[in-house]
$ cat model.txt   # compact mmCIF, C-alpha atoms
# COMPACT_ATOMS: atom_id res chain seq x y z
CA MET G 99 -22.13 67.27 55.88
CA PHE G 100 -18.39 67.05 56.65
CA TRP G 101 -17.51 69.71 54.03
CA ARG G 102 -20.44 71.92 55.06
CA ILE G 103 -19.20 71.92 58.66
CA LEU G 104 -15.63 72.61 57.44
CA GLY G 105 -16.87 75.58 55.41
CA GLN G 106 -18.77 76.89 58.40
CA LEU G 107 -15.62 76.61 60.55
CA PHE G 108 -13.68 78.71 58.02
CA ARG G 109 -16.42 81.35 57.90
CA SER G 110 -16.88 81.57 61.67
CA SER G 111 -13.14 81.91 62.46
CA ARG G 112 -12.01 84.17 59.64
CA GLY G 113 -9.91 86.46 61.87
CA ARG G 114 -7.87 83.76 63.60
CA LEU G 115 -7.43 81.74 60.44
CA ALA G 116 -6.38 84.83 58.48
CA VAL G 117 -3.53 85.43 60.96
CA ALA G 118 -2.42 81.80 60.61
CA LEU G 119 -2.73 81.99 56.80
CA ILE G 120 -0.57 85.14 56.65
CA ALA G 121 2.06 83.46 58.84
CA ILE G 122 2.10 80.35 56.63
CA ALA G 123 2.19 82.35 53.40
CA SER G 124 5.02 84.55 54.71
CA GLY G 125 7.00 81.52 55.79
CA ALA G 126 6.40 79.83 52.44
CA ALA G 127 7.51 82.96 50.54
CA VAL G 128 10.81 83.27 52.40
CA THR G 129 11.40 79.51 52.26
CA THR G 130 10.75 79.45 48.49
CA ALA G 131 13.12 82.34 47.90
CA LEU G 132 15.89 80.79 50.01
CA ILE G 133 15.53 77.34 48.44
CA ASN G 134 15.64 78.83 44.92
CA LEU G 135 18.68 80.84 45.97
CA ASN G 136 20.35 77.71 47.36
CA LEU G 137 19.73 75.76 44.15
CA ASP G 138 21.16 78.59 42.06
CA ALA G 139 23.87 79.66 44.52
CA GLU G 140 26.62 77.45 43.11
CA GLN G 141 26.07 78.64 39.55
CA LYS G 142 25.68 82.30 40.49
CA VAL G 143 28.68 82.37 42.84
CA SER G 144 30.78 80.65 40.18
CA ALA G 145 29.69 83.27 37.65
CA GLU G 146 30.63 86.05 40.09
CA PHE G 147 34.06 84.48 40.67
CA ARG G 148 34.67 84.37 36.93
CA THR G 149 34.69 88.17 36.99
CA LEU G 150 37.77 87.95 39.23
CA GLY G 151 39.87 86.71 36.33
CA ALA G 152 41.47 83.42 35.34
CA ASN G 153 40.72 80.45 37.56
CA VAL G 154 43.02 77.93 35.80
CA VAL G 155 46.66 78.19 34.74
CA VAL G 156 48.31 76.03 32.05
CA LEU G 157 52.10 75.84 32.14
CA PRO G 158 54.95 73.43 31.27
CA ASN G 159 55.87 70.74 33.74
CA ALA G 160 59.65 71.02 34.18
CA ALA G 161 59.82 67.55 35.71
CA ARG G 162 58.27 65.92 32.61
CA GLN G 163 60.01 67.65 29.74
CA ILE G 164 59.74 66.02 26.31
CA THR G 165 61.21 66.91 22.98
CA ALA G 166 59.58 69.34 20.61
CA GLY G 167 58.66 66.60 18.15
CA GLN G 168 56.85 64.51 20.78
CA GLY G 169 54.61 67.01 22.51
CA PHE G 170 53.87 70.60 23.40
CA ALA G 171 56.66 71.56 25.82
CA THR G 172 60.30 72.18 25.11
CA SER G 173 63.21 73.35 27.25
CA LEU G 174 64.33 76.74 26.00
CA PRO G 175 66.30 79.57 27.56
CA SER G 176 63.83 81.82 29.32
CA PRO G 177 63.95 85.58 28.77
CA ARG G 178 64.74 86.17 32.43
CA ALA G 179 67.54 83.60 32.21
CA ALA G 180 68.99 85.34 29.18
CA ALA G 181 68.96 88.63 31.04
CA THR G 182 70.25 87.42 34.42
CA ASP G 183 72.15 84.19 33.57
CA GLN G 184 69.76 82.09 35.66
CA LEU G 185 68.86 78.50 34.82
CA ALA G 186 66.81 77.93 31.69
CA ALA G 187 63.07 77.55 32.15
CA PRO G 188 60.69 75.66 29.85
CA LEU G 189 58.33 77.26 27.37
CA MET G 190 55.41 75.83 25.44
CA TYR G 191 54.34 75.80 21.84
CA GLU G 192 51.48 78.12 21.01
CA VAL G 193 49.53 75.18 19.58
CA VAL G 194 48.52 74.48 23.20
CA ILE G 195 45.88 77.19 22.76
CA ASN G 196 44.36 75.32 19.81
CA ARG G 197 44.15 72.11 21.83
CA ILE G 198 42.46 73.93 24.69
CA GLN G 199 39.91 75.48 22.35
CA GLU G 200 39.16 72.04 20.87
CA ASP G 201 37.69 71.00 24.22
CA PRO G 202 33.93 70.27 24.03
CA GLU G 203 33.34 73.34 26.21
CA GLY G 204 36.03 75.37 24.46
CA SER G 205 33.56 77.91 23.12
CA ARG G 206 32.62 78.91 26.68
CA LEU G 207 36.07 79.44 28.14
CA VAL G 208 38.39 82.43 27.72
CA ALA G 209 42.11 81.70 27.19
CA ALA G 210 44.98 84.18 27.06
CA PRO G 211 48.61 83.12 26.41
CA TYR G 212 51.43 84.91 28.20
CA LEU G 213 55.15 85.21 27.52
CA TYR G 214 57.14 87.12 30.14
CA VAL G 215 60.54 88.63 29.39
CA VAL G 216 62.88 91.07 31.11
CA ALA G 217 63.82 93.83 28.68
CA ASN G 218 65.74 97.07 28.96
CA VAL G 219 63.93 100.35 28.42
CA ALA G 220 65.77 103.63 27.87
CA SER G 221 65.21 106.14 30.66
CA GLY G 222 67.21 109.29 30.00
CA GLU G 223 70.79 108.18 29.57
CA SER G 224 70.37 104.92 31.51
CA LEU G 225 68.56 101.63 30.90
CA GLN G 226 65.87 100.29 33.21
CA GLN G 227 65.01 96.58 33.39
CA ILE G 228 61.25 96.13 33.09
CA ILE G 229 59.14 92.98 32.91
CA VAL G 230 57.33 92.81 29.57
CA ALA G 231 54.29 90.55 29.24
CA GLY G 232 53.43 89.42 25.75
CA THR G 233 49.78 88.42 25.42
CA TRP G 234 46.60 88.88 23.42
CA LEU G 235 45.75 92.27 24.85
CA ASP G 236 42.06 92.20 23.96
CA THR G 237 41.64 88.80 25.62
CA ALA G 238 43.75 89.80 28.63
CA THR G 239 41.51 92.81 29.27
CA GLN G 240 38.48 90.53 28.96
CA LEU G 241 39.98 88.23 31.61
CA SER G 242 40.63 91.19 33.93
CA PRO G 243 37.54 93.44 33.88
CA TRP G 244 38.68 95.30 37.00
CA TRP G 245 41.61 96.92 35.20
CA LYS G 246 41.28 100.68 34.95
CA ILE G 247 42.88 101.76 31.69
CA THR G 248 43.28 105.47 31.06
CA GLY G 249 44.20 106.98 27.75
CA ALA G 250 43.38 106.09 24.17
CA GLU G 251 42.32 102.53 24.84
CA VAL G 252 42.38 100.31 21.76
CA LYS G 253 39.91 97.46 21.94
CA ASN G 254 41.35 95.16 19.31
CA HIS G 255 44.92 94.47 20.38
CA SER G 256 46.02 91.55 18.24
CA GLY G 257 48.52 90.50 15.64
CA ASP G 258 51.66 92.58 15.23
CA GLU G 259 50.32 95.91 16.45
CA ARG G 260 53.14 97.94 17.95
CA ARG G 261 51.02 99.25 20.79
CA CYS G 262 51.15 98.43 24.47
CA PHE G 263 49.71 99.07 27.87
CA VAL G 264 52.00 100.37 30.60
CA GLY G 265 51.50 99.80 34.32
CA ARG G 266 51.02 102.96 36.37
CA ASN G 267 54.25 102.42 38.36
CA VAL G 268 56.25 101.96 35.15
CA ALA G 269 54.62 105.06 33.68
CA LEU G 270 55.67 107.10 36.74
CA GLN G 271 59.17 105.63 36.71
CA LEU G 272 59.76 106.29 32.99
CA ASN G 273 57.57 109.43 32.73
CA LEU G 274 55.27 107.86 30.14
CA ALA G 275 51.79 108.90 29.02
CA PRO G 276 49.33 107.70 26.36
CA GLY G 277 50.91 108.39 22.99
CA SER G 278 54.50 108.11 24.25
CA GLN G 279 57.04 105.98 22.39
CA ILE G 280 59.18 103.42 24.21
CA GLU G 281 62.03 101.28 22.92
CA LEU G 282 62.48 97.74 24.26
CA ILE G 283 66.01 96.28 24.09
CA TYR G 284 66.61 92.57 24.57
CA GLY G 285 69.90 90.69 24.59
CA ASN G 286 73.50 91.84 24.32
CA GLY G 287 76.04 92.48 21.58
CA ALA G 288 75.27 91.15 18.12
CA ALA G 289 72.21 89.32 19.48
CA THR G 290 70.54 92.54 20.59
CA ARG G 291 66.97 93.02 19.34
CA LYS G 292 64.84 96.12 19.64
CA ALA G 293 61.15 96.98 19.38
CA ILE G 294 59.60 100.43 19.38
CA LEU G 295 56.09 100.54 20.86
CA SER G 296 53.43 103.19 21.24
CA VAL G 297 51.71 103.52 24.63
CA SER G 298 47.95 103.08 24.18
CA GLY G 299 46.96 103.34 27.81
CA ILE G 300 48.04 103.28 31.45
CA ILE G 301 46.90 100.28 33.53
CA ASN G 302 45.84 100.67 37.14
CA SER G 303 45.09 97.15 38.34
CA GLY G 304 46.31 97.16 41.93
CA GLY G 305 48.37 94.06 41.07
CA GLN G 306 51.52 92.96 39.31
CA GLU G 307 50.42 94.55 36.03
CA ASP G 308 51.17 97.98 37.53
CA ASN G 309 54.88 97.10 37.32
CA GLN G 310 54.82 95.66 33.79
CA ILE G 311 54.58 96.60 30.15
CA MET G 312 51.95 94.58 28.30
CA ALA G 313 52.52 94.17 24.58
CA ASN G 314 51.14 91.98 21.82
CA LEU G 315 52.38 88.40 21.96
CA ALA G 316 53.75 88.41 18.41
CA VAL G 317 55.87 91.49 19.14
CA VAL G 318 57.43 89.91 22.26
CA GLN G 319 58.04 86.61 20.44
CA GLU G 320 59.85 88.50 17.69
CA LEU G 321 61.81 90.49 20.28
CA ILE G 322 63.31 87.36 21.88
CA GLY G 323 63.49 85.36 18.65
CA GLU G 324 61.16 82.59 19.78
CA ALA G 325 58.26 82.36 17.37
CA GLN G 326 55.21 80.34 18.42
CA ARG G 327 56.47 80.08 22.03
CA ILE G 328 54.57 81.00 25.17
CA GLY G 329 55.28 80.70 28.88
CA LEU G 330 51.80 79.96 30.24
CA VAL G 331 48.10 80.20 29.47
CA ARG G 332 45.51 81.72 31.78
CA LEU G 333 42.01 80.31 31.49
CA SER G 334 38.65 81.42 32.76
CA ILE G 335 36.43 78.33 32.79
CA PRO G 336 32.75 78.99 33.61
CA GLY G 337 30.66 76.60 35.62
CA THR G 338 30.45 75.05 39.05
CA PRO G 339 33.53 73.71 40.87
CA GLY G 340 32.64 70.21 39.67
CA GLU G 341 32.35 71.34 36.05
CA ILE G 342 35.65 73.21 36.30
CA ALA G 343 37.39 70.13 37.75
CA SER G 344 35.99 68.02 34.89
CA ALA G 345 37.28 70.53 32.31
CA ILE G 346 40.72 70.51 33.95
CA THR G 347 40.81 66.71 33.69
CA ARG G 348 39.89 66.77 29.98
CA ILE G 349 42.41 69.49 29.13
CA SER G 350 45.16 67.70 31.07
CA ALA G 351 44.49 64.50 29.12
CA ALA G 352 44.74 66.42 25.83
CA LEU G 353 48.06 68.08 26.77
CA PRO G 354 50.78 65.56 27.75
CA GLY G 355 53.73 67.13 29.52
CA ILE G 356 51.68 70.15 30.53
CA ASP G 357 50.39 71.11 33.96
CA VAL G 358 46.79 72.33 34.20
CA ARG G 359 46.21 73.77 37.65
CA PRO G 360 43.34 75.66 39.29
CA VAL G 361 44.21 78.96 40.93
CA PRO G 362 44.16 77.84 44.58
CA GLN G 363 43.10 81.17 46.08
CA LEU G 364 39.98 81.38 43.90
CA ALA G 365 39.08 77.70 44.29
CA GLN G 366 39.38 77.80 48.09
CA ALA G 367 37.55 81.11 48.43
CA GLU G 368 34.73 79.88 46.20
CA GLY G 369 34.35 76.67 48.19
CA ARG G 370 34.31 78.51 51.53
CA LEU G 371 31.78 81.05 50.28
CA LEU G 372 29.46 78.35 48.95
CA ASP G 373 29.62 76.46 52.26
CA ARG G 374 28.81 79.62 54.19
CA ILE G 375 25.92 80.54 51.90
CA ARG G 376 24.41 77.06 52.18
CA GLY G 377 24.87 77.01 55.96
CA LEU G 378 23.22 80.41 56.27
CA ILE G 379 20.32 79.38 54.02
CA PHE G 380 19.75 76.16 55.99
CA PHE G 381 19.77 78.09 59.28
CA MET G 382 17.39 80.74 57.92
CA VAL G 383 14.93 78.16 56.54
CA ALA G 384 14.93 76.29 59.86
CA LEU G 385 14.40 79.54 61.77
CA ILE G 386 11.56 80.63 59.48
CA LEU G 387 9.82 77.26 59.86
CA VAL G 388 10.09 77.39 63.65
CA LEU G 389 8.72 80.95 63.82
CA THR G 390 5.89 80.11 61.42
CA THR G 391 4.98 77.05 63.50
CA LEU G 392 4.93 79.13 66.69
CA CYS G 393 2.71 81.75 65.06
CA VAL G 394 0.24 79.11 63.83
CA PHE G 395 0.41 77.42 67.24
CA ALA G 396 -0.58 80.66 69.00
CA SER G 397 -3.48 81.26 66.58
CA MET G 398 -4.73 77.69 66.93
CA ALA G 399 -4.46 77.80 70.72
CA ALA G 400 -6.76 80.82 70.78
CA LEU G 401 -9.02 79.10 68.26
CA ALA G 402 -9.24 76.00 70.44
CA MET G 403 -10.54 78.06 73.32
CA GLU G 404 -13.21 79.57 71.08
CA ARG G 405 -14.37 76.17 69.81
CA ARG G 406 -14.84 74.37 73.12
CA ARG G 407 -18.60 74.91 72.97
CA ASP G 408 -18.86 73.71 69.35
CA VAL G 409 -16.91 70.54 70.10
CA GLY G 410 -18.96 69.88 73.23
CA LEU G 411 -22.21 70.11 71.24
CA MET G 412 -20.82 67.79 68.54
CA LYS G 413 -19.92 65.19 71.14
CA ALA G 414 -23.28 65.64 72.93
CA ILE G 415 -25.25 64.75 69.78
CA GLY G 416 -23.11 61.65 69.23
CA GLY G 417 -20.36 62.87 66.94
CA PRO G 418 -17.26 60.62 67.28
CA MET G 419 -14.10 62.41 68.40
CA SER G 420 -12.12 60.84 65.53
CA ARG G 421 -14.32 62.69 63.04
CA VAL G 422 -13.95 65.94 64.98
CA VAL G 423 -10.17 65.59 65.00
CA ARG G 424 -10.20 64.75 61.28
CA LEU G 425 -12.27 67.86 60.68
CA PHE G 426 -9.74 70.11 62.42
CA LEU G 427 -6.76 68.41 60.76
CA THR G 428 -8.38 68.89 57.36
CA GLU G 429 -8.89 72.53 58.22
CA ALA G 430 -5.19 72.90 59.17
CA GLY G 431 -4.02 70.98 56.08
CA THR G 432 -6.17 73.12 53.79
CA LEU G 433 -4.75 76.21 55.45
CA GLY G 434 -1.23 74.90 54.81
CA LEU G 435 -1.95 74.16 51.14
CA ILE G 436 -3.47 77.58 50.48
CA GLY G 437 -0.73 79.39 52.39
CA GLY G 438 1.98 77.33 50.66
CA LEU G 439 0.61 78.14 47.20
CA ILE G 440 0.29 81.86 47.93
CA GLY G 441 3.73 81.92 49.53
CA TYR G 442 5.32 80.09 46.59
CA VAL G 443 4.07 82.72 44.14
CA ALA G 444 5.26 85.52 46.42
CA GLY G 445 8.55 83.69 46.93
CA ILE G 446 9.24 83.70 43.18
CA PHE G 447 9.14 87.49 43.13
CA LEU G 448 11.21 87.65 46.31
CA SER G 449 13.87 85.35 44.87
CA GLN G 450 14.04 87.48 41.71
CA TRP G 451 14.59 90.58 43.84
CA ILE G 452 17.30 88.87 45.91
CA GLY G 453 19.00 87.63 42.73
CA ARG G 454 19.12 91.09 41.19
CA ARG G 455 20.36 92.68 44.41
CA ALA G 456 22.98 90.05 45.23
CA PHE G 457 24.10 88.77 41.82
CA HIS G 458 22.68 91.33 39.37
CA VAL G 459 20.90 88.50 37.55
CA ALA G 460 17.53 86.79 37.92
CA ILE G 461 17.29 83.58 39.95
CA GLU G 462 15.95 80.70 37.90
CA VAL G 463 12.38 79.70 38.78
CA ARG G 464 12.24 76.00 39.68
CA PRO G 465 8.76 74.41 39.61
CA GLU G 466 10.03 71.39 41.55
CA VAL G 467 10.25 73.62 44.64
CA LEU G 468 6.42 74.00 44.74
CA PRO G 469 5.49 70.52 46.05
CA PHE G 470 8.34 70.63 48.55
CA VAL G 471 7.27 74.02 49.93
CA MET G 472 3.61 73.02 50.08
CA ALA G 473 4.49 69.81 51.93
CA LEU G 474 6.56 71.84 54.40
CA MET G 475 3.71 74.29 54.98
CA VAL G 476 1.17 71.51 55.50
CA ALA G 477 3.55 69.97 58.05
CA VAL G 478 3.95 73.36 59.74
CA ALA G 479 0.16 73.89 59.83
CA LEU G 480 -0.45 70.43 61.29
CA ALA G 481 2.30 70.97 63.89
CA GLY G 482 0.79 74.34 64.77
CA ALA G 483 -2.65 72.75 65.11
CA LEU G 484 -1.58 70.60 68.05
CA PRO G 485 -3.55 72.78 70.52
CA LEU G 486 -6.74 71.58 68.82
CA ARG G 487 -6.03 68.13 70.26
CA LEU G 488 -6.93 69.60 73.64
CA LEU G 489 -10.52 69.73 72.43
CA SER G 490 -10.70 65.95 72.70
CA HIS G 491 -10.78 66.37 76.49
CA VAL G 492 -13.86 68.59 76.40
CA ARG G 493 -16.80 67.03 78.34
CA PRO G 494 -20.25 67.61 76.83
CA ALA G 495 -21.87 67.81 80.29
CA GLU G 496 -19.68 70.75 81.28
CA ILE G 497 -20.51 72.58 78.05
CA LEU G 498 -24.26 71.95 78.45
CA ARG G 499 -24.12 73.29 82.02
CA GLY G 500 -22.39 76.41 80.65
CA GLU G 501 -19.06 75.77 82.43

$ encode --input "model.txt" --output "structure tokens"
Amino acid sequence: MFWRILGQLFRSSRGRLAVALIAIASGAAVTTALINLNLDAEQKVSAEFRTLGANVVVLPNAARQITAGQGFATSLPSPRAAATDQLAAPLMYEVVINRIQEDPEGSRLVAAPYLYVVANVASGESLQQIIVAGTWLDTATQLSPWWKITGAEVKNHSGDERRCFVGRNVALQLNLAPGSQIELIYGNGAATRKAILSVSGIINSGGQEDNQIMANLAVVQELIGEAQRIGLVRLSIPGTPGEIASAITRISAALPGIDVRPVPQLAQAEGRLLDRIRGLIFFMVALILVLTTLCVFASMAALAMERRRDVGLMKAIGGPMSRVVRLFLTEAGTLGLIGGLIGYVAGIFLSQWIGRRAFHVAIEVRPEVLPFVMALMVAVALAGALPLRLLSHVRPAEILRGE
């Protein structure tokens, strides 16, 4: 009898209940999408930040120098020191790269060594001092996808190739174009070394690369006479901030005498953005739940007015009020379950759309969100059904008299 009466209630109040069901399903859809987005936000934001370039820098620790036979760092005259008579700066052995790639997650990270020197470049009858960055050019371009390279770009810049990229400011200063030849001169007197390079492309990065010449690492090492030496390594480590911190700890332990530091600007910006996204998602979920509850509350208040006569008749024939209340609560709970299930399915599609629009990738579907969303919607439906408690004050005598 209980379930027959419940079915009759659903059939007799289809309009009001449909409005409440739409409100619950809509709230469940948005809540599902936002919760899925929150669970995937850290991973997706981290992936987006990886497109901004290296997030970790590996460089010698000048305060903890050790001899070449004991570790990876050694104090050697820096190229800039040789050119300007400044104090010597430490360099590292190139084997550091191998140790980094031996990390358990080494296959996922991107590492590019760098060796910076100040070399002279002929400009007419005078010499211009230009910063030359020796690196693995193919890996460097992979680390910096925002670079705009014009000209005959060569994708595989490795080994001893005598090709280079030239920053746009350097190209304007020296009147260079793709295909031009430039001669690098390093040192003085009998120690002078030269390298002739072909310009493969012009870099427009909006950063320091616009004022540099980027050549293959082996060429720059040969130019300064320091084989197997590098100045620093730039790393792009994928993962969440916690995973990146764990990788930094492992790499630091594997490289005594070497500093492994996160790029502070990226780390701080990523943390602030994640906090803002989570705060916004929490606020939006709370707002959606409040609005859904108010919508259900309004529908149930109107429904309570329509059911005064039915409740009065139930009480007149001896029906206990506890059973009447249980009947209405079951109705509200069923409405919450159905609306939560419909909204969860709709929320999956909504989260996929948000993921493609915001991150250009699909948001992962998490089945564990379903019971949480359905529990929330049942709670919202029961909270919205509070007006039905007013029916407990209905007097059968007044209903029978037609009042």

$ residues_around --input "model.txt" --residues "stretch 324-330 of chain G" --least-positions-apart "3" --cutoff "7 Å" --atoms "all atoms listed in the file" --output "mmCIF file with C-alpha atoms, keeping the file's coordinate frame"
data_model
loop_
_atom_site.group_PDB
_atom_site.id
_atom_site.type_symbol
_atom_site.label_atom_id
_atom_site.label_comp_id
_atom_site.auth_asym_id
_atom_site.auth_seq_id
_atom_site.Cartn_x
_atom_site.Cartn_y
_atom_site.Cartn_z
ATOM 1 C CA VAL G 156 48.310 76.030 32.050
ATOM 2 C CA LEU G 157 52.100 75.840 32.140
ATOM 3 C CA LEU G 189 58.330 77.260 27.370
ATOM 4 C CA MET G 190 55.410 75.830 25.440
ATOM 5 C CA TYR G 191 54.340 75.800 21.840
ATOM 6 C CA GLU G 192 51.480 78.120 21.010
ATOM 7 C CA PRO G 211 48.610 83.120 26.410
ATOM 8 C CA TYR G 212 51.430 84.910 28.200
ATOM 9 C CA LEU G 213 55.150 85.210 27.520
ATOM 10 C CA TYR G 214 57.140 87.120 30.140
ATOM 11 C CA GLN G 319 58.040 86.610 20.440
ATOM 12 C CA GLU G 320 59.850 88.500 17.690
#

$ residues_around --input "model.txt" --residues "G:Asp357" --least-positions-apart "2" --cutoff "7 Å" --atoms "only C-alpha atoms" --output "list of chain:residue names"
G:Val156, G:Leu157, G:Pro158, G:Asn159, G:Ser350, G:Gly355, G:Arg359

$ closest_residue --input "model.txt" --among "G:Ser449, G:Ser224, G:Ser397, G:Thr233" --to "G:Ala483" --atoms "all atoms listed in the file"
G:Ser397

$ residues_around --input "model.txt" --residues "stretch 267-278 of chain G" --least-positions-apart "3" --cutoff "7 Å" --atoms "only C-alpha atoms" --output "list in words"
Ser221, Gly249, Ala250, Val264, Ser296, Val297, Ser298, Gly299, Ile300, Asp308, Asn309 and Gln310 of chain G

$ write_last_selection --input "model.txt" --atoms "C-alpha atoms" --output "short mmCIF file (atom, residue, chain, number, x, y, z; two decimals), in the frame of the given file"
data_model
loop_
_atom_site.label_atom_id
_atom_site.label_comp_id
_atom_site.auth_asym_id
_atom_site.auth_seq_id
_atom_site.Cartn_x
_atom_site.Cartn_y
_atom_site.Cartn_z
CA SER G 221 65.21 106.14 30.66
CA GLY G 249 44.20 106.98 27.75
CA ALA G 250 43.38 106.09 24.17
CA VAL G 264 52.00 100.37 30.60
CA SER G 296 53.43 103.19 21.24
CA VAL G 297 51.71 103.52 24.63
CA SER G 298 47.95 103.08 24.18
CA GLY G 299 46.96 103.34 27.81
CA ILE G 300 48.04 103.28 31.45
CA ASP G 308 51.17 97.98 37.53
CA ASN G 309 54.88 97.10 37.32
CA GLN G 310 54.82 95.66 33.79
#

$ closest_residue --input "model.txt" --among "G:Ile346, G:Leu389, G:Leu448, G:Ile122" --to "G:Glu203" --atoms "only C-alpha atoms"
G:Ile346

$ closest_residue --input "model.txt" --among "G:Leu132, G:Val358, G:Ile195, G:Ala316" --to "G:Val154" --atoms "only C-alpha atoms"
G:Val358

$ residues_around --input "model.txt" --residues "G:Ile229" --least-positions-apart "2" --cutoff "9 Å" --atoms "all atoms listed in the file" --output "list of chain:residue names"
G:Arg178, G:Tyr214, G:Val215, G:Val216, G:Ala217, G:Asn218, G:Gln227, G:Ala231, G:Asn309, G:Gln310, G:Ile311, G:Met312

$ residues_around --input "model.txt" --residues "G:Arg197" --least-positions-apart "2" --cutoff "8 Å" --atoms "only C-alpha atoms" --output "list in words"
Val193, Val194, Ile195, Gln199, Glu200, Asp201, Ile349, Ala352 and Leu353 of chain G

$ atom_distance --input "model.txt" --atom1 "atom CA of G:Ala481" --atom2 "atom CA of G:Leu392"
9.0 Å

$ atom_distance --input "model.txt" --atom1 "atom CA of G:Ile283" --atom2 "atom CA of G:Lys246"
27.4 Å

$ closest_residue --input "model.txt" --among "G:Ala121, G:Ile446, G:Leu401, G:Gln306" --to "G:Glu429" --atoms "all atoms listed in the file"
G:Leu401

$ atom_distance --input "model.txt" --atom1 "atom CA of G:Gly265" --atom2 "atom CA of G:Ile280"
13.2 Å

$ closest_residue --input "model.txt" --among "G:Ser303, G:Thr347, G:Gln226, G:Gln279" --to "G:Ile198" --atoms "all atoms listed in the file"
G:Thr347

$ residues_near_point --input "model.txt" --point "(13.5, 83.2, 48.8)" --cutoff "10 Å" --atoms "all atoms listed in the file" --output "list in words"
Gly125, Ala126, Ala127, Val128, Thr129, Thr130, Ala131, Leu132, Ile133, Asn134, Leu135, Asn136, Ile379, Val383, Gly441, Tyr442, Ala444, Gly445, Ile446, Phe447, Leu448, Ser449, Gln450, Trp451, Ile452, Gly453 and Ile461 of chain G
